[in-house]
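Colleague: Dropping a structure here in structure tokens format, bear with me for questions.
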Amino acid sequence: MTVAHLAQPGILAPIPSHARYLSLQLRVGADPTTALRRLATQADGDETVVAIGPSLVRVLGKEIPGLREFRGIDGARVKLPSTPVDLLLWLRGSERGELLLRSRHLETLLAPSFEVVYITDAIRHGDGRDLTGYKNQAERLVGESAAEAAMLPSTAGVLAGSCFATAMRWHHRLSRFEAMSRSQQDHTFGRERDTGEAIPDAPPSAHANRVNHRSFSPPAVLLRRSMPYVDGNEGGFAFACFAPSFDPFERLLTRMTGAEDGIVDALFSFSEPRTTAYLWCPPVKEGWMDFSALGI
């Protein structure tokens with residue numbers, strides 16, 4: 001039985017033109033209950049996608065089986081920061097000014113209990129490309145197929161239609177990337193930039209070779225909804241993926257970081273993760289956020 005009607009529709013939809021990520025922490029000693037009840041009447045899961053951190057679930061005295069903090073990868077040969085947040089709001093839209101006004105409204109709505117710790121403004125670049133010019137080949141699943149890949153099934157009870165999310169902010173050292181030859185750039189990604197075609201002789205470190213989900217057993221399937229972000233004259237990649245558990249992501253990251261075979265993904269040669277958080281995305285009910293698993 002499909003659970004697409006229970007999932008936050010913004011997770012299943014294509015990437016928007018503009019987005020804003022609000023990362024919030026619970027104020028010391030604050031009770032989040034009233035603020036979350038207000039949020040439930042404002043967040044439709046479409047224009048505003050909601051994700052809850054494990055520390056907030058603990059404050060509420062509840063448990064979401066499978067939800068945990070990101071603790072890094074044993075044996076990783078690169079740095080992987082763990083930067084947990086209590087609440088993450090992914091605001092989606094077509095106009096940046098409207099997103100600013102909506103984010104200010106939500107910040108005021110939640111202010112008695114939550115404070116914003118950082119904001120990431122993201123964009124759709126070209127026909128779905130990273131700021132480096134390479135197209136993300138994984139952003140294809142939508143609708144029913146996306147729900148099947150990412151959401152907990154109908155047998156999960158009150159958790160049906162929910163999912164687990166990983167949010168990372170990758171900072172690109174664009175000057176370092178621009179200093180590479182075109183051939184070096186293509187071999188870093190393992191694809192030809194203009195056509196997106198795979199390069200047959202790309203090295204094992206090429207990003208496409210490191211994250212090919214079919215090379216895992218079972219396949220490491222994730223629903224990816226990542227977007228480039230811009231910060232002044234710099235930028236990077238706001239990585240977001242959704243799945244019924246964190247296991248597929250951790251298997252991919254184990255290979256990327258060289259913990260599996262000693263080969264580090266070439267992506268790390270010019271980009272580094274600055275934030276990593278594990279979260280849970282609640283389902284929706286009658287068009288609004290369903291916090292019943294949290295006792296709200």
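Here's how to read the names in the structure tokens: chain A, B, ... by the order shown, residue numbers from 1 in each chain, ligand numbers from 1 in the order shown.
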Which residues come within 9 Å of Leu174 (chain A), counting only C-alpha atoms, excluding same-chain residues fewer than 4 positions away, as a VMD selection string?

Modeller: chain A and resid 131 to 132 178 to 179 234 to 236 270 to 271

Colleague: Could you build a table of the residues in region 92-174 of chain A lying no more than 12 Å from region 40-58 of chain A, giving for each the nearest pair of atoms and their separation in Å rounded to one decimal place, using only C-alpha atoms, ordered by chain and ascending residue number, as CSV?

Modeller:
```
residue,atom,partner,partner_atom,distance
A:Arg92,CA,A:Glu47,CA,4.9
A:Gly93,CA,A:Glu47,CA,6.5
A:Ser94,CA,A:Glu47,CA,10.0
A:Glu95,CA,A:Glu47,CA,11.9
A:Glu98,CA,A:Glu47,CA,11.2
A:Leu99,CA,A:Glu47,CA,9.6
A:Arg102,CA,A:Thr48,CA,9.4
A:Ser103,CA,A:Thr48,CA,9.6
A:His105,CA,A:Gln42,CA,10.0
A:Leu106,CA,A:Gln42,CA,8.3
A:Glu107,CA,A:Gln42,CA,11.9
A:Leu109,CA,A:Gln42,CA,9.3
A:Leu110,CA,A:Gln42,CA,10.9
A:Ser113,CA,A:Leu56,CA,11.5
A:Phe114,CA,A:Leu56,CA,10.8
A:Gly161,CA,A:Gly45,CA,11.7
A:Ser162,CA,A:Ala51,CA,9.9
A:Cys163,CA,A:Ala51,CA,9.3
A:Phe164,CA,A:Ala51,CA,8.5
A:Ala165,CA,A:Ala51,CA,7.5
A:Thr166,CA,A:Ala51,CA,9.7
A:Ala167,CA,A:Ala51,CA,9.8
```

Colleague: List as JSON lines every residue of region 20-115 of chain A that is in contact with region 243-263 of chain A, defined as an atom at most 10 Å from one of its atoms (using only C-alpha atoms), together with the nearest atom pair and the distance in Å rounded to one decimal, sorted by chain and then rising number.

Modeller:
```
{"residue": "A:Pro65", "atom": "CA", "partner": "A:Ser245", "partner_atom": "CA", "distance": 9.7}
{"residue": "A:Gly66", "atom": "CA", "partner": "A:Ser245", "partner_atom": "CA", "distance": 6.5}
{"residue": "A:Leu67", "atom": "CA", "partner": "A:Ser245", "partner_atom": "CA", "distance": 8.1}
{"residue": "A:Arg68", "atom": "CA", "partner": "A:Phe246", "partner_atom": "CA", "distance": 8.8}
{"residue": "A:Phe70", "atom": "CA", "partner": "A:Phe246", "partner_atom": "CA", "distance": 9.3}
{"residue": "A:Gly72", "atom": "CA", "partner": "A:Glu250", "partner_atom": "CA", "distance": 8.9}
{"residue": "A:Ile73", "atom": "CA", "partner": "A:Thr254", "partner_atom": "CA", "distance": 6.3}
{"residue": "A:Asp74", "atom": "CA", "partner": "A:Ala259", "partner_atom": "CA", "distance": 6.9}
{"residue": "A:Gly75", "atom": "CA", "partner": "A:Ala259", "partner_atom": "CA", "distance": 4.7}
{"residue": "A:Ala76", "atom": "CA", "partner": "A:Ala259", "partner_atom": "CA", "distance": 4.7}
{"residue": "A:Arg77", "atom": "CA", "partner": "A:Thr257", "partner_atom": "CA", "distance": 5.6}
{"residue": "A:Val78", "atom": "CA", "partner": "A:Thr257", "partner_atom": "CA", "distance": 6.0}
{"residue": "A:Lys79", "atom": "CA", "partner": "A:Thr257", "partner_atom": "CA", "distance": 8.7}
{"residue": "A:Leu80", "atom": "CA", "partner": "A:Thr257", "partner_atom": "CA", "distance": 8.9}
```

Colleague: Using CA of Asp186 (chain A) and CA of His207 (chain A) as the two end points, give the distance in Å to one decimal.

Modeller: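 So the two atoms, CA of Asp186 (chain A) and CA of His207 (chain A), lie 9.9 Å apart.
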
Colleague: Can you measure CA of Val264 (chain A) to CA of Phe242 (chain A) for me? One decimal in Å is fine.

Modeller: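 Computed distance, CA of Val264 (chain A) to CA of Phe242 (chain A), equals 23.4 Å.
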
Colleague: Find the residues around Tyr21 (chain A) up to 6 Å (only C-alpha atoms counted), leave out those fewer than 4 positions away in its own chain, and share them as a count of residues only.

Modeller: 4

Colleague: Between A:Ala146, A:Ala277, A:Val158, A:Phe291, which is the closest to Arg71 (chain A) once you count only C-alpha atoms?

Modeller: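 Of A:Ala146, A:Ala277, A:Val158, A:Phe291, the one nearest Arg71 (chain A), counting only C-alpha atoms, is A:Ala277.
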
Colleague: So which residues of region 18-55 of chain A fall under helix (DSSP H, G or I) by DSSP, listed as a PyMOL selection string?

Modeller: chain A and resi 33-40+54-55

Colleague: With C-alpha atoms retained, write the just-selected residues as an mmCIF file, in the first residue's frame.

Modeller:
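Final output, saved to selection-v7.cif:
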```
data_model
loop_
_atom_site.group_PDB
_atom_site.id
_atom_site.type_symbol
_atom_site.label_atom_id
_atom_site.label_comp_id
_atom_site.auth_asym_id
_atom_site.auth_seq_id
_atom_site.Cartn_x
_atom_site.Cartn_y
_atom_site.Cartn_z
ATOM 1 C CA THR A 33 5.280 21.882 22.869
ATOM 2 C CA THR A 34 3.379 25.115 22.214
ATOM 3 C CA ALA A 35 5.787 26.219 19.473
ATOM 4 C CA LEU A 36 5.488 22.859 17.702
ATOM 5 C CA ARG A 37 1.701 23.013 17.877
ATOM 6 C CA ARG A 38 1.867 26.412 16.201
ATOM 7 C CA LEU A 39 4.257 25.067 13.579
ATOM 8 C CA ALA A 40 1.901 22.168 12.842
ATOM 9 C CA PRO A 54 16.950 13.380 18.092
ATOM 10 C CA SER A 55 17.705 15.742 20.991
#
```

Colleague: Could you tell me which of A:Ser269, A:Leu100, A:Leu223, A:Ser215 comes closest to Met180 (chain A) if we count only C-alpha atoms?

Modeller: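 Among the listed residues, A:Ser269 lies closest to Met180 (chain A).
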
Colleague: Would you mind listing what lies within 10 Å of Val117 (chain A) as a ChimeraX atom specification, with only C-alpha atoms counted and same-chain residues fewer than 6 positions away left out?

Modeller: /A:22-25,85

Colleague: Quick one: residues within 12 Å of Ser154 (chain A), only C-alpha atoms counted, chain neighbours fewer than 6 positions away excluded, as a PDB file with N, CA and C atoms, in the first residue's frame?

Modeller:
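Saved to selection25.pdb:
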```
ATOM      1  N   MET A   1       0.845  -1.200   0.000  1.00  0.00           N
ATOM      2  CA  MET A   1       0.000   0.000   0.000  1.00  0.00           C
ATOM      3  C   MET A   1       0.877   1.245   0.000  1.00  0.00           C
ATOM      4  N   THR A   2       0.597   2.191  -0.889  1.00  0.00           N
ATOM      5  CA  THR A   2       1.408   3.385  -1.006  1.00  0.00           C
ATOM      6  C   THR A   2       1.261   4.295   0.209  1.00  0.00           C
ATOM      7  N   VAL A   3       2.348   4.991   0.544  1.00  0.00           N
ATOM      8  CA  VAL A   3       2.308   5.946   1.651  1.00  0.00           C
ATOM      9  C   VAL A   3       2.589   7.357   1.158  1.00  0.00           C
ATOM     10  N   ALA A   4       2.556   7.564  -0.169  1.00  0.00           N
ATOM     11  CA  ALA A   4       2.873   8.880  -0.724  1.00  0.00           C
ATOM     12  C   ALA A   4       1.958   9.965  -0.163  1.00  0.00           C
ATOM     13  N   HIS A   5       0.693   9.628   0.105  1.00  0.00           N
ATOM     14  CA  HIS A   5      -0.254  10.636   0.609  1.00  0.00           C
ATOM     15  C   HIS A   5       0.046  11.025   2.054  1.00  0.00           C
ATOM     16  N   LEU A   6       0.880  10.235   2.737  1.00  0.00           N
ATOM     17  CA  LEU A   6       1.255  10.541   4.116  1.00  0.00           C
ATOM     18  C   LEU A   6       2.590  11.279   4.207  1.00  0.00           C
ATOM     19  N   ALA A   7       3.341  11.281   3.128  1.00  0.00           N
ATOM     20  CA  ALA A   7       4.672  11.901   3.135  1.00  0.00           C
ATOM     21  C   ALA A   7       4.576  13.412   2.941  1.00  0.00           C
ATOM     22  N   ALA A 147       8.492   8.013  -2.939  1.00  0.00           N
ATOM     23  CA  ALA A 147       7.944   7.579  -1.649  1.00  0.00           C
ATOM     24  C   ALA A 147       8.368   6.158  -1.326  1.00  0.00           C
ATOM     25  N   GLU A 148       8.366   5.301  -2.327  1.00  0.00           N
ATOM     26  CA  GLU A 148       8.748   3.910  -2.114  1.00  0.00           C
ATOM     27  C   GLU A 148      10.212   3.803  -1.684  1.00  0.00           C
ATOM     28  N   ALA A 160       4.316   5.658   9.582  1.00  0.00           N
ATOM     29  CA  ALA A 160       4.142   5.454   8.139  1.00  0.00           C
ATOM     30  C   ALA A 160       4.149   6.791   7.406  1.00  0.00           C
ATOM     31  N   GLY A 161       4.904   6.860   6.322  1.00  0.00           N
ATOM     32  CA  GLY A 161       5.005   8.093   5.549  1.00  0.00           C
ATOM     33  C   GLY A 161       6.071   9.035   6.048  1.00  0.00           C
ATOM     34  N   SER A 162       6.669   8.730   7.204  1.00  0.00           N
ATOM     35  CA  SER A 162       7.785   9.538   7.687  1.00  0.00           C
ATOM     36  C   SER A 162       9.077   8.963   7.126  1.00  0.00           C
ATOM     37  N   PRO A 244      14.417   5.246   4.580  1.00  0.00           N
ATOM     38  CA  PRO A 244      13.749   4.628   5.727  1.00  0.00           C
ATOM     39  C   PRO A 244      14.688   4.380   6.909  1.00  0.00           C
ATOM     40  N   PRO A 283       5.284  12.578   9.154  1.00  0.00           N
ATOM     41  CA  PRO A 283       4.309  12.510   8.059  1.00  0.00           C
ATOM     42  C   PRO A 283       3.357  13.700   8.118  1.00  0.00           C
TER      43      PRO A 283
END
```

Colleague: Just list as a ChimeraX atom specification whatever in region 107-260 of chain A DSSP marks as strand (DSSP E).

Modeller: /A:114-123,163-172,223-224,227-231,234-243

Colleague: Rank A:Val142, A:Leu101, A:Ile64, A:Ala19 by their smallest atom-to-atom distance to Gly295 (chain A), using only C-alpha atoms, and report the top residue only.

Modeller: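 For Gly295 (chain A), the nearest of the given residues is A:Ile64.
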
Colleague: How many Å separate CA of Leu279 (chain A) from CA of Gly10 (chain A)?

Modeller: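 A separation of 15.8 Å between them.
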
Colleague: Can you tell me which residues surround Asp231 (chain A) at a distance of at most 10 Å, considering only C-alpha atoms, apart from same-chain residues fewer than 6 positions away, and format the answer as an NGL selection string?

Modeller: :A and (120-122 or 171)

Colleague: Measuring atom to atom with only C-alpha atoms, identify which of A:Ala111, A:Cys281, A:Gly157, A:Gln184 is nearest to Ile199 (chain A).

Modeller: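 The closest residue to Ile199 (chain A) is A:Gln184.
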